[in-house]
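Notes follow once the structure below has been shown.
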Amino acid sequence: MPLDLSTPATHIALTFSDTSPYLTDPSRLSNANPILADLQHVGPVGSGDMANVQVFKIDAADEGKTAIMDALQSLKDRTDNGVLRIDVQERRTRAKRDEF
């Protein structure tokens, strides 16, 4: 399912280890820190090799986004929860190729 980019929300892809408790139930991530309550689970990126990458959405204001990103970074810094990587999905316009 493609991301709905019509609203001004921030989408974040989180990569979890195979043993992460959040991989089987990504909604539990909001219980890890009260600041993460605004984090909404969108779904997995795909299957196979991408099954451990989950997409989340933040609708918070800019200062709320900063606090959420800080909380996610602190989870990543702890090795016991299985958060391996945090990628903010940037909204970009595709460049049109020149025609010959």
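Residues in the structure tokens are numbered from 1 in each chain, the chains being A, B, ... in the order shown, and ligands are numbered from 1 in the order shown.
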
- Enumerate, as a PyMOL selection string, the complete set of residues in chain A that a backbone-based DSSP assignment places in strand (DSSP E). chain A and resi 10-16+39-44+53-58+83-89

Could you list, as a list in words, every residue within 9 Å of Leu72 in chain A, counting only C-alpha atoms and ignoring same-chain residues fewer than 6 positions away? Asn33, Leu36, Val83 and Ile86 of chain A

Item to complete: Figure out the distance between CA of Gln89 in chain A and CA of Phe56 in chain A, please, to one decimal in Å.
Response: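 About the pair CA of Phe56 in chain A and CA of Gln89 in chain A: they are 9.9 Å apart.
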
Pairwise distance, CA of Asp77 in chain A with CA of Thr19 in chain A, equals 16.0 Å

Quiz item: Got a sec: who's within 9 Å of range 42-48 of chain A, counting only C-alpha atoms, leaving out chain neighbours fewer than 5 positions off, as an MDAnalysis selection string?
Solution: chainID A and resid 1 3 11 13 26 53:57

Could you turn the residues from that selection into a file that holds all heavy atoms, as a PDB file, in the first residue's frame?
ATOM      1  N   MET A   1       0.845  -1.170   0.000  1.00  0.00           N
ATOM      2  CA  MET A   1       0.000   0.000   0.000  1.00  0.00           C
ATOM      3  C   MET A   1       0.892   1.235   0.000  1.00  0.00           C
ATOM      4  O   MET A   1       1.753   1.386   0.866  1.00  0.00           O
ATOM      5  CB  MET A   1      -0.892  -0.022   1.245  1.00  0.00           C
ATOM      6  CG  MET A   1      -1.665   1.248   1.422  1.00  0.00           C
ATOM      7  SD  MET A   1      -2.930   1.243   2.703  1.00  0.00           S
ATOM      8  CE  MET A   1      -2.078   0.857   4.171  1.00  0.00           C
ATOM      9  N   LEU A   3       2.186   5.093   0.578  1.00  0.00           N
ATOM     10  CA  LEU A   3       1.970   6.048   1.653  1.00  0.00           C
ATOM     11  C   LEU A   3       1.093   7.190   1.170  1.00  0.00           C
ATOM     12  O   LEU A   3       1.218   7.635   0.031  1.00  0.00           O
ATOM     13  CB  LEU A   3       3.305   6.628   2.132  1.00  0.00           C
ATOM     14  CG  LEU A   3       4.269   5.675   2.795  1.00  0.00           C
ATOM     15  CD1 LEU A   3       5.566   6.405   3.123  1.00  0.00           C
ATOM     16  CD2 LEU A   3       3.675   5.081   4.045  1.00  0.00           C
ATOM     17  N   HIS A  11       6.736  10.495   7.911  1.00  0.00           N
ATOM     18  CA  HIS A  11       6.763   9.032   7.912  1.00  0.00           C
ATOM     19  C   HIS A  11       8.164   8.574   8.269  1.00  0.00           C
ATOM     20  O   HIS A  11       9.152   9.119   7.775  1.00  0.00           O
ATOM     21  CB  HIS A  11       6.337   8.479   6.553  1.00  0.00           C
ATOM     22  CG  HIS A  11       4.893   8.687   6.274  1.00  0.00           C
ATOM     23  ND1 HIS A  11       4.402   9.851   5.736  1.00  0.00           N
ATOM     24  CD2 HIS A  11       3.832   7.882   6.478  1.00  0.00           C
ATOM     25  CE1 HIS A  11       3.089   9.749   5.622  1.00  0.00           C
ATOM     26  NE2 HIS A  11       2.720   8.568   6.060  1.00  0.00           N
ATOM     27  N   ALA A  13      10.614   5.048   8.822  1.00  0.00           N
ATOM     28  CA  ALA A  13      10.807   3.608   8.671  1.00  0.00           C
ATOM     29  C   ALA A  13      11.749   3.145   9.775  1.00  0.00           C
ATOM     30  O   ALA A  13      12.856   3.664   9.907  1.00  0.00           O
ATOM     31  CB  ALA A  13      11.386   3.286   7.301  1.00  0.00           C
ATOM     32  N   PRO A  26       4.158  -4.035  16.504  1.00  0.00           N
ATOM     33  CA  PRO A  26       4.728  -2.692  16.410  1.00  0.00           C
ATOM     34  C   PRO A  26       3.986  -1.634  17.223  1.00  0.00           C
ATOM     35  O   PRO A  26       4.572  -0.637  17.633  1.00  0.00           O
ATOM     36  CB  PRO A  26       4.655  -2.376  14.920  1.00  0.00           C
ATOM     37  CG  PRO A  26       4.556  -3.686  14.251  1.00  0.00           C
ATOM     38  CD  PRO A  26       3.828  -4.581  15.200  1.00  0.00           C
ATOM     39  N   VAL A  53      11.149  -4.186   8.544  1.00  0.00           N
ATOM     40  CA  VAL A  53      11.071  -2.729   8.430  1.00  0.00           C
ATOM     41  C   VAL A  53       9.603  -2.322   8.497  1.00  0.00           C
ATOM     42  O   VAL A  53       8.793  -2.764   7.689  1.00  0.00           O
ATOM     43  CB  VAL A  53      11.717  -2.224   7.123  1.00  0.00           C
ATOM     44  CG1 VAL A  53      11.654  -0.699   7.056  1.00  0.00           C
ATOM     45  CG2 VAL A  53      13.147  -2.715   7.010  1.00  0.00           C
ATOM     46  N   GLN A  54       9.274  -1.491   9.477  1.00  0.00           N
ATOM     47  CA  GLN A  54       7.902  -1.043   9.685  1.00  0.00           C
ATOM     48  C   GLN A  54       7.832   0.474   9.506  1.00  0.00           C
ATOM     49  O   GLN A  54       8.749   1.194   9.897  1.00  0.00           O
ATOM     50  CB  GLN A  54       7.430  -1.399  11.100  1.00  0.00           C
ATOM     51  CG  GLN A  54       7.450  -2.876  11.406  1.00  0.00           C
ATOM     52  CD  GLN A  54       6.327  -3.616  10.715  1.00  0.00           C
ATOM     53  OE1 GLN A  54       5.236  -3.093  10.548  1.00  0.00           O
ATOM     54  NE2 GLN A  54       6.598  -4.853  10.319  1.00  0.00           N
ATOM     55  N   VAL A  55       6.734   0.964   8.929  1.00  0.00           N
ATOM     56  CA  VAL A  55       6.547   2.393   8.709  1.00  0.00           C
ATOM     57  C   VAL A  55       5.595   2.939   9.765  1.00  0.00           C
ATOM     58  O   VAL A  55       4.550   2.345  10.059  1.00  0.00           O
ATOM     59  CB  VAL A  55       5.993   2.676   7.297  1.00  0.00           C
ATOM     60  CG1 VAL A  55       5.733   4.165   7.102  1.00  0.00           C
ATOM     61  CG2 VAL A  55       6.945   2.161   6.242  1.00  0.00           C
ATOM     62  N   PHE A  56       5.978   4.084  10.326  1.00  0.00           N
ATOM     63  CA  PHE A  56       5.169   4.796  11.313  1.00  0.00           C
ATOM     64  C   PHE A  56       4.943   6.219  10.819  1.00  0.00           C
ATOM     65  O   PHE A  56       5.703   6.744  10.020  1.00  0.00           O
ATOM     66  CB  PHE A  56       5.881   4.829  12.670  1.00  0.00           C
ATOM     67  CG  PHE A  56       6.001   3.483  13.316  1.00  0.00           C
ATOM     68  CD1 PHE A  56       7.045   2.640  12.993  1.00  0.00           C
ATOM     69  CD2 PHE A  56       5.065   3.062  14.245  1.00  0.00           C
ATOM     70  CE1 PHE A  56       7.167   1.392  13.581  1.00  0.00           C
ATOM     71  CE2 PHE A  56       5.177   1.812  14.835  1.00  0.00           C
ATOM     72  CZ  PHE A  56       6.227   0.981  14.499  1.00  0.00           C
ATOM     73  N   LYS A  57       3.882   6.851  11.328  1.00  0.00           N
ATOM     74  CA  LYS A  57       3.510   8.199  10.923  1.00  0.00           C
ATOM     75  C   LYS A  57       3.425   9.082  12.158  1.00  0.00           C
ATOM     76  O   LYS A  57       2.932   8.652  13.198  1.00  0.00           O
ATOM     77  CB  LYS A  57       2.162   8.140  10.206  1.00  0.00           C
ATOM     78  CG  LYS A  57       1.645   9.461   9.710  1.00  0.00           C
ATOM     79  CD  LYS A  57       0.444   9.239   8.829  1.00  0.00           C
ATOM     80  CE  LYS A  57      -0.800   9.670   9.540  1.00  0.00           C
ATOM     81  NZ  LYS A  57      -1.995   9.675   8.701  1.00  0.00           N
TER      82      LYS A  57
END

message: Quick one: residues within 12 Å of Leu84 in chain A, only C-alpha atoms, excluding same-chain residues fewer than 6 positions away - as a PyMOL selection string?
response: chain A and resi 13-20+22-23+52-54+72-78

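In this structure, CA of Pro8 in chain A sits 15.3 Å away from CA of Thr66 in chain A.
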
Checklist entry - What's the 12 Å shell around Ala37 in chain A, counting only C-alpha atoms, without same-chain residues fewer than 2 positions away, as a PyMOL selection string? => result chain A and resi 27-35+39-41+56-60+64-65+67-68+71-72

Keeping N, CA, C and O atoms, export the residues of the selection given above as a PDB file, in the first residue's frame.
ATOM      1  N   SER A  27       2.713  -1.849  17.500  1.00  0.00           N
ATOM      2  CA  SER A  27       1.960  -0.863  18.280  1.00  0.00           C
ATOM      3  C   SER A  27       2.455  -0.767  19.722  1.00  0.00           C
ATOM      4  O   SER A  27       2.209   0.231  20.395  1.00  0.00           O
ATOM      5  N   ARG A  28       3.183  -1.796  20.199  1.00  0.00           N
ATOM      6  CA  ARG A  28       3.763  -1.755  21.551  1.00  0.00           C
ATOM      7  C   ARG A  28       4.833  -0.677  21.696  1.00  0.00           C
ATOM      8  O   ARG A  28       5.190  -0.311  22.806  1.00  0.00           O
ATOM      9  N   LEU A  29       5.324  -0.182  20.579  1.00  0.00           N
ATOM     10  CA  LEU A  29       6.361   0.848  20.619  1.00  0.00           C
ATOM     11  C   LEU A  29       5.876   2.088  21.360  1.00  0.00           C
ATOM     12  O   LEU A  29       6.645   2.740  22.055  1.00  0.00           O
ATOM     13  N   SER A  30       4.595   2.399  21.252  1.00  0.00           N
ATOM     14  CA  SER A  30       4.057   3.569  21.943  1.00  0.00           C
ATOM     15  C   SER A  30       4.064   3.398  23.459  1.00  0.00           C
ATOM     16  O   SER A  30       3.992   4.374  24.195  1.00  0.00           O
ATOM     17  N   ASN A  31       4.176   2.157  23.955  1.00  0.00           N
ATOM     18  CA  ASN A  31       4.250   1.915  25.394  1.00  0.00           C
ATOM     19  C   ASN A  31       5.670   2.099  25.940  1.00  0.00           C
ATOM     20  O   ASN A  31       5.856   2.173  27.148  1.00  0.00           O
ATOM     21  N   ALA A  32       6.660   2.165  25.062  1.00  0.00           N
ATOM     22  CA  ALA A  32       8.045   2.271  25.499  1.00  0.00           C
ATOM     23  C   ALA A  32       8.361   3.633  26.105  1.00  0.00           C
ATOM     24  O   ALA A  32       9.230   3.751  26.960  1.00  0.00           O
ATOM     25  N   ASN A  33       7.645   4.651  25.661  1.00  0.00           N
ATOM     26  CA  ASN A  33       7.854   6.011  26.143  1.00  0.00           C
ATOM     27  C   ASN A  33       6.557   6.776  25.912  1.00  0.00           C
ATOM     28  O   ASN A  33       5.991   6.701  24.822  1.00  0.00           O
ATOM     29  N   PRO A  34       6.075   7.535  26.894  1.00  0.00           N
ATOM     30  CA  PRO A  34       4.813   8.277  26.718  1.00  0.00           C
ATOM     31  C   PRO A  34       4.839   9.245  25.531  1.00  0.00           C
ATOM     32  O   PRO A  34       3.807   9.517  24.926  1.00  0.00           O
ATOM     33  N   ILE A  35       6.017   9.736  25.188  1.00  0.00           N
ATOM     34  CA  ILE A  35       6.136  10.662  24.054  1.00  0.00           C
ATOM     35  C   ILE A  35       5.765   9.972  22.746  1.00  0.00           C
ATOM     36  O   ILE A  35       5.284  10.597  21.808  1.00  0.00           O
ATOM     37  N   LEU A  39       2.845   8.320  17.819  1.00  0.00           N
ATOM     38  CA  LEU A  39       3.387   7.533  16.717  1.00  0.00           C
ATOM     39  C   LEU A  39       2.332   6.530  16.254  1.00  0.00           C
ATOM     40  O   LEU A  39       1.835   5.742  17.035  1.00  0.00           O
ATOM     41  N   GLN A  40       1.972   6.569  14.970  1.00  0.00           N
ATOM     42  CA  GLN A  40       0.944   5.685  14.429  1.00  0.00           C
ATOM     43  C   GLN A  40       1.581   4.662  13.494  1.00  0.00           C
ATOM     44  O   GLN A  40       2.311   5.035  12.574  1.00  0.00           O
ATOM     45  N   HIS A  41       1.282   3.396  13.722  1.00  0.00           N
ATOM     46  CA  HIS A  41       1.824   2.342  12.869  1.00  0.00           C
ATOM     47  C   HIS A  41       1.065   2.308  11.547  1.00  0.00           C
ATOM     48  O   HIS A  41      -0.156   2.221  11.529  1.00  0.00           O
ATOM     49  N   PHE A  56       5.978   4.084  10.326  1.00  0.00           N
ATOM     50  CA  PHE A  56       5.169   4.796  11.313  1.00  0.00           C
ATOM     51  C   PHE A  56       4.943   6.219  10.819  1.00  0.00           C
ATOM     52  O   PHE A  56       5.703   6.744  10.020  1.00  0.00           O
ATOM     53  N   LYS A  57       3.882   6.851  11.328  1.00  0.00           N
ATOM     54  CA  LYS A  57       3.510   8.199  10.923  1.00  0.00           C
ATOM     55  C   LYS A  57       3.425   9.082  12.158  1.00  0.00           C
ATOM     56  O   LYS A  57       2.932   8.652  13.198  1.00  0.00           O
ATOM     57  N   ILE A  58       3.904  10.327  12.016  1.00  0.00           N
ATOM     58  CA  ILE A  58       3.817  11.323  13.087  1.00  0.00           C
ATOM     59  C   ILE A  58       3.010  12.496  12.557  1.00  0.00           C
ATOM     60  O   ILE A  58       3.358  13.072  11.531  1.00  0.00           O
ATOM     61  N   ASP A  59       1.950  12.857  13.261  1.00  0.00           N
ATOM     62  CA  ASP A  59       1.149  14.030  12.898  1.00  0.00           C
ATOM     63  C   ASP A  59       1.441  15.217  13.808  1.00  0.00           C
ATOM     64  O   ASP A  59       0.788  16.238  13.718  1.00  0.00           O
ATOM     65  N   ALA A  60       2.409  15.093  14.700  1.00  0.00           N
ATOM     66  CA  ALA A  60       2.688  16.119  15.707  1.00  0.00           C
ATOM     67  C   ALA A  60       3.298  17.370  15.070  1.00  0.00           C
ATOM     68  O   ALA A  60       3.805  17.345  13.958  1.00  0.00           O
ATOM     69  N   GLY A  64       6.993  18.531  18.656  1.00  0.00           N
ATOM     70  CA  GLY A  64       6.592  17.169  18.997  1.00  0.00           C
ATOM     71  C   GLY A  64       7.377  16.140  18.194  1.00  0.00           C
ATOM     72  O   GLY A  64       7.743  15.093  18.707  1.00  0.00           O
ATOM     73  N   LYS A  65       7.654  16.461  16.934  1.00  0.00           N
ATOM     74  CA  LYS A  65       8.447  15.560  16.089  1.00  0.00           C
ATOM     75  C   LYS A  65       9.858  15.412  16.639  1.00  0.00           C
ATOM     76  O   LYS A  65      10.415  14.315  16.653  1.00  0.00           O
ATOM     77  N   ALA A  67      10.819  15.723  19.768  1.00  0.00           N
ATOM     78  CA  ALA A  67      10.768  14.903  20.984  1.00  0.00           C
ATOM     79  C   ALA A  67      10.595  13.424  20.638  1.00  0.00           C
ATOM     80  O   ALA A  67      11.222  12.553  21.256  1.00  0.00           O
ATOM     81  N   ILE A  68       9.768  13.128  19.636  1.00  0.00           N
ATOM     82  CA  ILE A  68       9.557  11.741  19.210  1.00  0.00           C
ATOM     83  C   ILE A  68      10.837  11.169  18.619  1.00  0.00           C
ATOM     84  O   ILE A  68      11.223  10.040  18.922  1.00  0.00           O
ATOM     85  N   ALA A  71      13.206  10.368  21.377  1.00  0.00           N
ATOM     86  CA  ALA A  71      12.802   9.149  22.085  1.00  0.00           C
ATOM     87  C   ALA A  71      13.138   7.901  21.269  1.00  0.00           C
ATOM     88  O   ALA A  71      13.599   6.902  21.820  1.00  0.00           O
ATOM     89  N   LEU A  72      12.926   7.970  19.967  1.00  0.00           N
ATOM     90  CA  LEU A  72      13.280   6.836  19.103  1.00  0.00           C
ATOM     91  C   LEU A  72      14.792   6.603  19.092  1.00  0.00           C
ATOM     92  O   LEU A  72      15.255   5.465  19.128  1.00  0.00           O
TER      93      LEU A  72
END

To test your reading of the structure, identify every residue in chain A that backbone DSSP assigns to helix (DSSP H, G or I), and report it as a compact mmCIF listing (two decimals) with N, CA, C and O atoms, in the first residue's frame.
# COMPACT_ATOMS: atom_id res chain seq x y z
N PRO A 21 10.98 -7.22 20.37
CA PRO A 21 9.58 -7.42 20.78
C PRO A 21 8.61 -6.57 19.96
O PRO A 21 7.43 -6.87 19.89
N TYR A 22 9.12 -5.52 19.32
CA TYR A 22 8.26 -4.63 18.53
C TYR A 22 8.01 -5.17 17.12
O TYR A 22 7.13 -4.67 16.42
N LEU A 23 8.75 -6.17 16.70
CA LEU A 23 8.57 -6.72 15.36
C LEU A 23 7.24 -7.46 15.25
O LEU A 23 6.53 -7.33 14.25
N THR A 24 6.87 -8.21 16.27
CA THR A 24 5.61 -8.95 16.23
C THR A 24 4.41 -8.08 16.56
O THR A 24 3.30 -8.37 16.12
N PRO A 26 4.16 -4.03 16.50
CA PRO A 26 4.73 -2.69 16.41
C PRO A 26 3.99 -1.63 17.22
O PRO A 26 4.57 -0.64 17.63
N SER A 27 2.71 -1.85 17.50
CA SER A 27 1.96 -0.86 18.28
C SER A 27 2.45 -0.77 19.72
O SER A 27 2.21 0.23 20.39
N ARG A 28 3.18 -1.80 20.20
CA ARG A 28 3.76 -1.76 21.55
C ARG A 28 4.83 -0.68 21.70
O ARG A 28 5.19 -0.31 22.81
N LEU A 29 5.32 -0.18 20.58
CA LEU A 29 6.36 0.85 20.62
C LEU A 29 5.88 2.09 21.36
O LEU A 29 6.64 2.74 22.05
N SER A 30 4.59 2.40 21.25
CA SER A 30 4.06 3.57 21.94
C SER A 30 4.06 3.40 23.46
O SER A 30 3.99 4.37 24.20
N ASN A 31 4.18 2.16 23.96
CA ASN A 31 4.25 1.91 25.39
C ASN A 31 5.67 2.10 25.94
O ASN A 31 5.86 2.17 27.15
N PRO A 34 6.07 7.54 26.89
CA PRO A 34 4.81 8.28 26.72
C PRO A 34 4.84 9.24 25.53
O PRO A 34 3.81 9.52 24.93
N ILE A 35 6.02 9.74 25.19
CA ILE A 35 6.14 10.66 24.05
C ILE A 35 5.77 9.97 22.75
O ILE A 35 5.28 10.60 21.81
N LEU A 36 5.94 8.65 22.68
CA LEU A 36 5.68 7.91 21.45
C LEU A 36 4.20 7.58 21.24
O LEU A 36 3.86 6.87 20.30
N ALA A 37 3.33 8.11 22.09
CA ALA A 37 1.89 7.86 21.96
C ALA A 37 1.34 8.43 20.65
O ALA A 37 0.35 7.93 20.11
N ASP A 38 1.99 9.49 20.10
CA ASP A 38 1.54 10.09 18.84
C ASP A 38 2.02 9.33 17.61
O ASP A 38 1.66 9.66 16.50
N GLY A 48 9.64 -10.76 2.94
CA GLY A 48 10.97 -11.28 2.66
C GLY A 48 12.04 -10.54 3.45
O GLY A 48 11.95 -10.42 4.67
N ASP A 49 13.03 -10.00 2.75
CA ASP A 49 14.13 -9.29 3.40
C ASP A 49 13.69 -7.99 4.06
O ASP A 49 14.39 -7.47 4.92
N MET A 50 12.57 -7.45 3.66
CA MET A 50 12.09 -6.17 4.21
C MET A 50 11.03 -6.36 5.30
O MET A 50 10.44 -5.39 5.76
N ASP A 62 6.15 20.50 14.93
CA ASP A 62 7.60 20.37 14.81
C ASP A 62 8.30 20.04 16.13
O ASP A 62 9.17 19.19 16.18
N GLU A 63 7.90 20.70 17.22
CA GLU A 63 8.55 20.40 18.50
C GLU A 63 8.18 19.00 18.99
O GLU A 63 8.98 18.32 19.62
N GLY A 64 6.99 18.53 18.66
CA GLY A 64 6.59 17.17 19.00
C GLY A 64 7.38 16.14 18.19
O GLY A 64 7.74 15.09 18.71
N LYS A 65 7.65 16.46 16.93
CA LYS A 65 8.45 15.56 16.09
C LYS A 65 9.86 15.41 16.64
O LYS A 65 10.42 14.31 16.65
N THR A 66 10.42 16.52 17.10
CA THR A 66 11.77 16.48 17.66
C THR A 66 11.81 15.59 18.90
O THR A 66 12.72 14.77 19.05
N ALA A 67 10.82 15.72 19.77
CA ALA A 67 10.77 14.90 20.98
C ALA A 67 10.59 13.42 20.64
O ALA A 67 11.22 12.55 21.26
N ILE A 68 9.77 13.13 19.64
CA ILE A 68 9.56 11.74 19.21
C ILE A 68 10.84 11.17 18.62
O ILE A 68 11.22 10.04 18.92
N MET A 69 11.51 11.94 17.78
CA MET A 69 12.76 11.46 17.18
C MET A 69 13.82 11.23 18.26
O MET A 69 14.58 10.26 18.19
N ASP A 70 13.87 12.10 19.27
CA ASP A 70 14.81 11.90 20.38
C ASP A 70 14.50 10.62 21.15
O ASP A 70 15.40 9.87 21.52
N ALA A 71 13.21 10.37 21.38
CA ALA A 71 12.80 9.15 22.09
C ALA A 71 13.14 7.90 21.27
O ALA A 71 13.60 6.90 21.82
N LEU A 72 12.93 7.97 19.97
CA LEU A 72 13.28 6.84 19.10
C LEU A 72 14.79 6.60 19.09
O LEU A 72 15.26 5.46 19.13
N GLN A 73 15.56 7.70 19.08
CA GLN A 73 17.01 7.57 19.09
C GLN A 73 17.49 6.94 20.40
O GLN A 73 18.39 6.11 20.39
N SER A 74 16.85 7.28 21.50
CA SER A 74 17.24 6.68 22.78
C SER A 74 16.91 5.19 22.80
O SER A 74 17.65 4.39 23.37
N LEU A 75 15.81 4.79 22.12
CA LEU A 75 15.50 3.36 21.99
C LEU A 75 16.55 2.65 21.13
O LEU A 75 16.95 1.53 21.43
N LYS A 76 16.98 3.32 20.08
CA LYS A 76 17.99 2.73 19.20
C LYS A 76 19.32 2.58 19.94
O LYS A 76 20.03 1.59 19.75
N ASP A 77 19.64 3.54 20.81
CA ASP A 77 20.90 3.49 21.54
C ASP A 77 20.94 2.35 22.56
O ASP A 77 22.00 1.85 22.89
